[in-house]
Amino acid sequence: MKKTVKYITILILFTLTISGCSKFPSEDFYVEGADFQYQYYDEYNRSIMARENDAVYFIIGYYIYRLDEATQTLAPLCNKPNCLHEKETDNKRVPECNAYISIDESISEIKYMNGYIYTIMQEWKEDELCYGLYKIAEDGSTKERVYQWDGTVVEGWCLHRNVLYYVEHTYDENNQEVYAVKEMKLSGIGKLAPKTVWEPDEDITVFAFGILKAYGNHLYFNMDGVKTNNVDELTSEEDWIKCSYNKTFQYNLQNKTFSEIQVPNQTAAQRVSDVTFWKNQIVYDAFDLTKNRQYDATTDVYIADLDGTNAKVLMKDMPIYRSYYSDGTYLFVSNAPECADKIIQSPEYQNNIADLENRKWDYKVNVDVYDEDMELVDSVEPPFRGILPYEPVYGIGDRVYVQIEEDSGEKISIQYWDKTKLGTYNGSKYELIKVCEVILPEGD
Amino acid sequence: MGKLYFYEWKKLFRQRSFLFFTLLLLLGNLFALFQYEKHTDSYLYFYRLKQEWQEYANGNENVANAGYYEALTKEEEAHVSFYGEFLNQIPEQAEKLKKTGNYQDTNTYLYRNLIKTTSDYKGLSADGIRANPSIGVKELAGYQYGIYFQLLFLFALSYFVISAERKKGLFLLTKGTRKGHLPLAAAKLFVMISASMVFGVLQECETFSFLGGLYGYGELTRKIQSVSIFRDCTVSITVLQAMLLLLASRILIGILCAVFSFFLTVSFRKEGIALLVYVAVIGLEMLLNHKIQISSSLNAAKCINLFFAWSMKNIFGTYLNLNVFGYPIDKSIAAFGVGGLLACGFLITGLRQFALSCQISSGNFVEEIREKIAKKTSFQWHHTFLYLFELKKVFMQQKRGYLCLLLLIWCFFCTKEILEPPLYDDPAEGEYHRILSQISGPVTGESLSYIEGQGKELEGMYEELEALGRQSGEQAELKINLLFHEVGIRAEGIGMVEEQRDILLGKPGRAFDKFWIDEKKYLSVFFDYTYDLTAFFIGIAALVLWMSEMEALDLRKGIYSLLYTTKAGKEKIQSKKRQVGITGMLYCVLCTLFPQALHYFRIDYLKNAGQKLSDFTMLELNTSISLGGFILLIFLIKISLFIIICWLLIVLIRKIQNAAIVIGTGIGCAGLGVLLLWYFHMDVTIFFLKMFSS
């Protein structure tokens with residue numbers, strides 16, 4: 001009898017252990033629903049939208065909204081009809097709304113994975129602010145905290161195949177910065193136990209970690225800083241360019257190896273600061289520091305395997321101030337960085353002249369759209385939003401959604417331009433079609 | 001069975017220690033309630049300044065705190081006037097949600113929940129919603145600590161009704177009688193149920209009366225939704241009805257716990273294990289209630305929970321339907337339904353266990369291993385030293401050796417945590433600590449120059465930035481980035497040190513008699529009351545568990561009369577027992593206070609122990625006691641507390657001579673005391689800091 005009980009206990013424990021081991025995709029291409037949605041990464045390296053089949057999620061103010069595409073209905077991501085959502089005035093009830101996120105839209109992000117919208121919020125824990133990872137069901141029925149960090153700043157994060165990758169930023173007792181790229185499984189054995197994946201060398205002063213993206217079995221991140229042990233030894237422009245450290249790395253999630261993404265015969269002055277995913281490969285160019293502000297300068301755009309090998313020229317002699325986006329169907333090449341840089345360098349901007357938003361600039365923003373055979377399909381002119389040209393999030397599917405402020409910020413309208421009309425624009429402005437609007441409460 | 005029932009009551013009433021303990025718990029509840037209320041705004045503005053509030057209520061707007069009363073009144077009025085609109089927007093929201101894709105399938109929980117929510121609110125209206133002072137009701141909803149007293153009472157009750165008789169061997173006799181099985185068990189169970197009801201009524205009545213006396217409940221006939229915290233209530237009841245329902249629900253919870261403790265005490269036959277399981281289950285309930293969020297997918301574990309159901313705010317103020325096989329069931333119905341089923345289950349199983357069991361304990365796998373180890377190592381006990389023998393009896397026998405190990409492991413992990421290098425999320429903190437670690441020690445010319453140097457370095461960086469701003473090129477841009485980066489990391493921290501310097505030098509006394517102290521680190525240790533209270537409770541609990549058997553074990557075995565006839569005699573044996581008690585106390589002190597002492601030592605290795613407390617710049621203290629003296633005082637007081645508790649335990653043990661009562665009383669009182677202190681963010685260190693503050 002005792003032996004039977006013992007064996008049954010062991011069997012139950014074994015079954016429970018095995019059941020904790022979930023199966024994640026291991027294909028080296030994009031898997032919808034489980035992978036990082038690279039199509040919703042904006043120009044500031046944030047995911048402000050996410051998609052799940054026929055619904056798109058937005059951050060508006062301090063709330064997540066769900067747009068049902070079939071019925072064109074926009075509603076806060078909260079299934080409680082007795083919740084006042086953004087109209088709630090009782091501060092104690094505000095966090096009870098499932099759609100509420102405690103960080104303003106200017107720095108918050110949302111990401112979709114396996115039926116949940118994930119976000120990182122700031123919250124109070126015993127008189128100290130800390131970060132917590134939350135997941136909200138795609139129908140707004142549940143909201144729970146998955147993990148809470150203690151005394152750590154989370155700068156940049158990415159969800160990919162049930163693993164959270166993030167950049168941790170702390171200071172040691174000598175006030176030296178400690179950066180680390182970490183991974184944390186969200187299920188299975190080793191769940192919620194952060195592990196360090198990569199740390200910068202000690203002689204690197206890190207300015208920022210940019211881009212944290214994932215595709216297939218690869219994670220990509222960029223680090224910007226300066227690599228030197230003695231600043232005083234740097235006397236010439238050349239010395240400074242050499243020590244400037246801006247590199248993009250790829251991390252192979254299967255065999256746990258790193259490599260730097262480089263262009264062939266990369267010089268000391270060239271920097272790869274971002275990658276775009278196109279046809280199961282990466283597309284990137286290298287910015288040459290010696291050609292800073294030379295708007296006529298050109299560079300080659302490369303396409304390579306996901307680990308950065310077998311790089312080939314995709315587009316020759318492209319202007320250097322260009323950004324590249326992909327929605328999986330088209331490759332979008334925008335000159336918005338050039339226009340934005342020219343505006344920022346202008347005397348009007350530098351002197352902060354009033355009413356810059358309504359000023360008509362001479363620069364025309366243009367986006368060239370290429371198909372998978374690299375044939376130019378069309379050119380479009382996106383609108384300005386605020387002072388600088390706007391780079392929309394191209395997203396998945398036929399619609400490019402944008403949030404437009406109306407009535408001096410009292411209303412936010414959700415509009416879109418229809419990608420099925422590509423081929424008819426020929427350089428003209430695209431038309432935005434309004435879907436719905438949200439009236440913001442006073443004080444937002 | 002009626003006669004048996006009344007006889008059980010008669011036996012219970014004859015237990016003076018039980019009656020005294022019950023009275024103690026009722027008074028304790030009142031005391032806890034008073035201490036809780038004393039620190040609320042309501043107590044200040046509506047009790048201590050009652051006259052002012054009454055004047056304001058009568059129309060005098062020139063009272064001193066008119067602003068506070070006005071804001072509160074407006075809040076209540078706004079809630080009442082908005083309530084109708086709140087109800088109207090529910091069907092509107094529901095219609096909007098129905099249009100979305102998630103609600104197209106009508107056979108899902110999501111859709112059914114939406115329909116149920118709309119229909120639950122449909123029957124409500126703004127009639128009967130009136131703004132009225134709701135302070136008493138809000139405070140009643142806020143006080144949730146009565147459950148701890150109830151749980152303590154019930155465990156003590158199960159001891160006196162069942163365990164006490166079992167220890168005396170009376171069950172072997174009574175179970176041999178005609179009504180000794182089921183009728184006897186039923187009588188005992190119903191005594192426990194009735195006693196829990198009586199206690200529940202007494203406890204809640206004293207709570208209601210106390211709060212009613214302090215604040216009043218306003219108009220009892222208005223709807224409960226008039227109080228803003230109950231806005232989400234879907235039941236159309238008055239305030240009075242809500243209070244009566246609260247009383248009823250708490251009594252039901254008490255009955256469930258009574259049946260559960262009966263079941264445990266009957267099933268395990270050893271009070272220690274029953275207590276352990278009881279505490280484990282209660283602890284788990286507390287943890288689930290605390291850790292799980294109401295919007296979580298595991299909210300059923302939160303809602304079907306004693307602590308959740310105890311709260312008035314949760315019962316009436318939280319609207320939630322649980323997903324039961326795709327159908328929405330109100331959380332309170334689900335909780336009380338499950339509670340009812342469990343109560344029936346425990347009742348039937350408990351009665352059956354009592355009737356069928358022979359009350360003989362059996363061993364287990366872990367126990368067998370422990371006994372094998374004890375046998376192999378028994379040679380070390382082959383001696384005649386009385387002290388060592390008493391030591392083994394108290395600290396090793398009956399699994400008490402585990403406590404030694406657990407305490408040591410806990411001490412080890414605390415020490416490990418303290419020895420880990422710290423990491424900060426704020427560069428200002430990092431810079432502050434860096435500078436203070438460089439100049440730690442007495443104020444000297446060099447240290448003042450160092451701080452000035454840091455400030456000049458910062459100024460230099462600003463000037464360089466200004467100059468670089470006029471240049472162009474990659475070199476300039478990189479330099480600017482680097483400088484901005486460094487300024488960003490260092491500026492605020494340097495500012496904090498400079499501020500500390502200025503305040504320190506502005507204090508009375510010679511500058512060079514003062515010290516550079518990392519005040520932030522000291523403050524973080526001073527105000528870490530959670531760790532202090534946890535360490536204290538663990539130490540006391542271990543001490544109580546060890547010493548509870550010191551006298552009781554020998555008494556139970558009836559060997560004192562034999563022991564006292566030996567050569568050692570009474571005096572020597574008692575003296576050795578005292579020494580053993582002191583050894584235990586010292587071990588507890590070491591394990592609990594060592595990590596704390598290390599924590600203080602690690603800050604600056606006590607280099608700055610000579611700093612007067614009045615020279616702290618981040619605290620306003622007006623005492624000239626030195627920092628070293630203050631830390632020593634705190635530790636002496638903590639050690640004294642252990643000595644006093646050790647002495648009290650020795651006295652208690654010799655008077656009561658019952659281990660279970662000593663354990664229950666000791667740990668219960670320590671636990672309650674710690675909980676209260678934790679709630680008020682207080683410990684010995686903070687108490688003295690407040691005493692010394694100006």
# chains A, B, ... in the order shown; residues from 1 in each chain; ligands from 1
$ closest_atom_pairs --of "chain B" --to "chain A" --cutoff "6 Å" --atoms "only C-alpha atoms" --output "CSV"
residue,atom,partner,partner_atom,distance
B:Ile90,CA,A:Pro81,CA,5.2
B:Gln93,CA,A:Pro81,CA,5.3
B:Ala94,CA,A:Pro81,CA,5.5
B:Thr100,CA,A:Asp68,CA,5.8
B:Ser295,CA,A:Thr142,CA,4.9
B:Ser296,CA,A:Glu144,CA,4.7
B:Ser297,CA,A:Thr142,CA,5.7
B:Leu423,CA,A:Asp172,CA,4.7
B:Tyr424,CA,A:Tyr171,CA,4.9
B:Asp425,CA,A:Thr170,CA,4.7
B:Gly430,CA,A:Asn175,CA,4.3
B:Glu431,CA,A:Asn175,CA,5.2
B:Arg434,CA,A:Asn174,CA,4.9
B:Gln475,CA,A:Glu237,CA,5.1
$ write_last_selection --atoms "C-alpha atoms" --output "tab-separated table (two decimals), in the first residue's frame"
chain	number	residue	atom	x	y	z
B	90	ILE	CA	-23.98	50.44	-17.78
B	93	GLN	CA	-21.42	50.26	-22.30
B	94	ALA	CA	-22.90	46.79	-22.58
B	100	THR	CA	-17.42	43.80	-30.79
B	295	SER	CA	-8.74	40.95	-12.07
B	296	SER	CA	-6.47	37.93	-12.29
B	297	SER	CA	-7.46	34.68	-14.04
B	423	LEU	CA	22.63	47.90	-6.90
B	424	TYR	CA	20.64	51.10	-7.30
B	425	ASP	CA	18.10	52.11	-9.91
B	430	GLY	CA	24.70	55.73	-6.62
B	431	GLU	CA	26.65	59.00	-6.75
B	434	ARG	CA	30.04	56.77	-3.88
B	475	GLN	CA	34.03	64.87	-32.17
$ select_by_dssp --residues "region 11-238 of chain A" --states "strand (DSSP E)" --output "PyMOL selection string"
chain A and resi 49-52+55-60+63-68+73-76+111-113+116-125+128-137+143-148+153-160+163-171+177-185+195-198+204-215+218-227
$ atom_distance --atom1 "CA of Tyr83 (chain B)" --atom2 "CA of Arg231 (chain B)"
7.7 Å
$ residues_around --residues "region 373-380 of chain A" --least-positions-apart "2" --cutoff "8 Å" --atoms "only C-alpha atoms" --output "list in words"
Asn366, Val367, Asp368, Val369, Tyr370, Asp371, Pro382, Leu422, Gly423, Thr424, Tyr425, Asn426, Gly427, Ser428, Lys429 and Tyr430 of chain A
$ write_last_selection --atoms "C-alpha atoms" --output "mmCIF file, in the first residue's frame"
data_model
loop_
_atom_site.group_PDB
_atom_site.id
_atom_site.type_symbol
_atom_site.label_atom_id
_atom_site.label_comp_id
_atom_site.auth_asym_id
_atom_site.auth_seq_id
_atom_site.Cartn_x
_atom_site.Cartn_y
_atom_site.Cartn_z
ATOM 1 C CA ASN A 366 8.353 60.763 -49.438
ATOM 2 C CA VAL A 367 7.938 57.055 -48.890
ATOM 3 C CA ASP A 368 8.897 54.660 -51.673
ATOM 4 C CA VAL A 369 7.104 51.330 -51.538
ATOM 5 C CA TYR A 370 8.724 48.188 -52.934
ATOM 6 C CA ASP A 371 7.266 44.733 -53.410
ATOM 7 C CA PRO A 382 2.649 60.885 -45.380
ATOM 8 C CA LEU A 422 -0.946 51.519 -53.406
ATOM 9 C CA GLY A 423 -0.143 52.002 -57.054
ATOM 10 C CA THR A 424 -2.478 54.997 -57.389
ATOM 11 C CA TYR A 425 -0.723 57.659 -55.339
ATOM 12 C CA ASN A 426 2.331 58.491 -57.499
ATOM 13 C CA GLY A 427 3.909 60.688 -54.860
ATOM 14 C CA SER A 428 0.751 62.394 -53.668
ATOM 15 C CA LYS A 429 -0.515 62.556 -50.107
ATOM 16 C CA TYR A 430 -2.484 59.597 -48.927
#
$ residues_around --residues "Lys434 (chain A)" --least-positions-apart "2" --cutoff "10 Å" --atoms "only C-alpha atoms" --output "list in words"
Tyr401, Val402, Gln403, Ile404, Ser413, Ile414, Gln415, Tyr416, Trp417, Glu431, Leu432, Cys436 and Glu437 of chain A
$ atom_distance --atom1 "CA of Asn162 (chain A)" --atom2 "CA of Leu186 (chain A)"
5.6 Å
$ residues_around --residues "Asp683 (chain B)" --least-positions-apart "2" --cutoff "12 Å" --atoms "only C-alpha atoms" --output "ChimeraX atom specification"
/B:525-537,634,637-638,673-681,685-690
$ write_last_selection --atoms "N, CA and C atoms" --output "mmCIF file, in the first residue's frame"
data_model
loop_
_atom_site.group_PDB
_atom_site.id
_atom_site.type_symbol
_atom_site.label_atom_id
_atom_site.label_comp_id
_atom_site.auth_asym_id
_atom_site.auth_seq_id
_atom_site.Cartn_x
_atom_site.Cartn_y
_atom_site.Cartn_z
ATOM 1 N N VAL B 525 18.081 51.322 6.973
ATOM 2 C CA VAL B 525 18.120 50.249 7.981
ATOM 3 C C VAL B 525 17.223 50.626 9.166
ATOM 4 N N PHE B 526 17.281 51.905 9.576
ATOM 5 C CA PHE B 526 16.445 52.348 10.708
ATOM 6 C C PHE B 526 14.975 52.063 10.434
ATOM 7 N N PHE B 527 14.532 52.387 9.204
ATOM 8 C CA PHE B 527 13.105 52.336 8.902
ATOM 9 C C PHE B 527 12.667 51.016 8.255
ATOM 10 N N ASP B 528 13.549 50.031 8.264
ATOM 11 C CA ASP B 528 13.177 48.711 7.728
ATOM 12 C C ASP B 528 12.478 47.922 8.828
ATOM 13 N N TYR B 529 11.252 48.397 9.163
ATOM 14 C CA TYR B 529 10.528 47.788 10.276
ATOM 15 C C TYR B 529 10.046 46.375 9.929
ATOM 16 N N THR B 530 9.821 46.129 8.652
ATOM 17 C CA THR B 530 9.324 44.805 8.245
ATOM 18 C C THR B 530 10.337 43.736 8.619
ATOM 19 N N TYR B 531 11.587 43.995 8.306
ATOM 20 C CA TYR B 531 12.624 43.015 8.625
ATOM 21 C C TYR B 531 12.775 42.861 10.136
ATOM 22 N N ASP B 532 12.804 44.003 10.829
ATOM 23 C CA ASP B 532 12.938 43.971 12.294
ATOM 24 C C ASP B 532 11.854 43.145 12.954
ATOM 25 N N LEU B 533 10.615 43.423 12.544
ATOM 26 C CA LEU B 533 9.486 42.736 13.174
ATOM 27 C C LEU B 533 9.492 41.254 12.807
ATOM 28 N N THR B 534 9.860 40.952 11.565
ATOM 29 C CA THR B 534 9.916 39.546 11.146
ATOM 30 C C THR B 534 10.958 38.812 11.971
ATOM 31 N N ALA B 535 12.142 39.424 12.104
ATOM 32 C CA ALA B 535 13.224 38.793 12.881
ATOM 33 C C ALA B 535 12.785 38.586 14.324
ATOM 34 N N PHE B 536 12.148 39.583 14.877
ATOM 35 C CA PHE B 536 11.699 39.495 16.263
ATOM 36 C C PHE B 536 10.682 38.366 16.432
ATOM 37 N N PHE B 537 9.710 38.317 15.519
ATOM 38 C CA PHE B 537 8.672 37.302 15.635
ATOM 39 C C PHE B 537 9.252 35.901 15.498
ATOM 40 N N ILE B 634 19.593 50.410 21.023
ATOM 41 C CA ILE B 634 18.568 49.632 20.320
ATOM 42 C C ILE B 634 18.806 48.136 20.512
ATOM 43 N N ILE B 637 18.071 47.077 24.043
ATOM 44 C CA ILE B 637 16.622 46.988 24.278
ATOM 45 C C ILE B 637 16.068 45.720 23.659
ATOM 46 N N LYS B 638 16.529 45.409 22.464
ATOM 47 C CA LYS B 638 16.033 44.187 21.806
ATOM 48 C C LYS B 638 16.437 42.957 22.605
ATOM 49 N N GLY B 673 0.927 41.335 18.469
ATOM 50 C CA GLY B 673 1.735 42.535 18.722
ATOM 51 C C GLY B 673 2.506 42.953 17.483
ATOM 52 N N VAL B 674 3.108 41.965 16.834
ATOM 53 C CA VAL B 674 3.909 42.256 15.629
ATOM 54 C C VAL B 674 3.017 42.782 14.501
ATOM 55 N N LEU B 675 1.854 42.170 14.352
ATOM 56 C CA LEU B 675 0.921 42.613 13.299
ATOM 57 C C LEU B 675 0.501 44.060 13.500
ATOM 58 N N LEU B 676 0.184 44.375 14.757
ATOM 59 C CA LEU B 676 -0.224 45.751 15.059
ATOM 60 C C LEU B 676 0.912 46.719 14.767
ATOM 61 N N LEU B 677 2.108 46.364 15.223
ATOM 62 C CA LEU B 677 3.266 47.235 14.989
ATOM 63 C C LEU B 677 3.527 47.373 13.495
ATOM 64 N N TRP B 678 3.388 46.265 12.792
ATOM 65 C CA TRP B 678 3.627 46.309 11.339
ATOM 66 C C TRP B 678 2.621 47.221 10.668
ATOM 67 N N TYR B 679 1.383 47.127 11.114
ATOM 68 C CA TYR B 679 0.346 47.968 10.503
ATOM 69 C C TYR B 679 0.655 49.443 10.721
ATOM 70 N N PHE B 680 1.174 49.760 11.928
ATOM 71 C CA PHE B 680 1.454 51.170 12.215
ATOM 72 C C PHE B 680 2.885 51.556 11.856
ATOM 73 N N HIS B 681 3.582 50.714 11.108
ATOM 74 C CA HIS B 681 4.952 50.984 10.643
ATOM 75 C C HIS B 681 5.864 51.339 11.810
ATOM 76 N N THR B 685 13.317 50.741 16.912
ATOM 77 C CA THR B 685 14.164 51.819 16.369
ATOM 78 C C THR B 685 13.317 53.042 16.037
ATOM 79 N N ILE B 686 12.228 52.821 15.345
ATOM 80 C CA ILE B 686 11.384 53.948 14.929
ATOM 81 C C ILE B 686 10.755 54.617 16.149
ATOM 82 N N PHE B 687 10.425 53.811 17.156
ATOM 83 C CA PHE B 687 9.842 54.361 18.379
ATOM 84 C C PHE B 687 10.820 55.344 19.017
ATOM 85 N N PHE B 688 12.083 54.943 19.127
ATOM 86 C CA PHE B 688 13.058 55.832 19.754
ATOM 87 C C PHE B 688 13.380 57.038 18.880
ATOM 88 N N LEU B 689 13.380 56.838 17.588
ATOM 89 C CA LEU B 689 13.633 57.979 16.696
ATOM 90 C C LEU B 689 12.518 59.008 16.850
ATOM 91 N N LYS B 690 11.299 58.521 16.970
ATOM 92 C CA LYS B 690 10.175 59.450 17.150
ATOM 93 C C LYS B 690 10.281 60.137 18.508
#
$ residues_around --residues "Gln241 (chain B)" --least-positions-apart "2" --cutoff "12 Å" --atoms "only C-alpha atoms" --output "JSON, numbers by chain"
{"B": [220, 221, 222, 223, 224, 235, 236, 237, 238, 239, 243, 244, 245, 246, 247, 248, 316]}
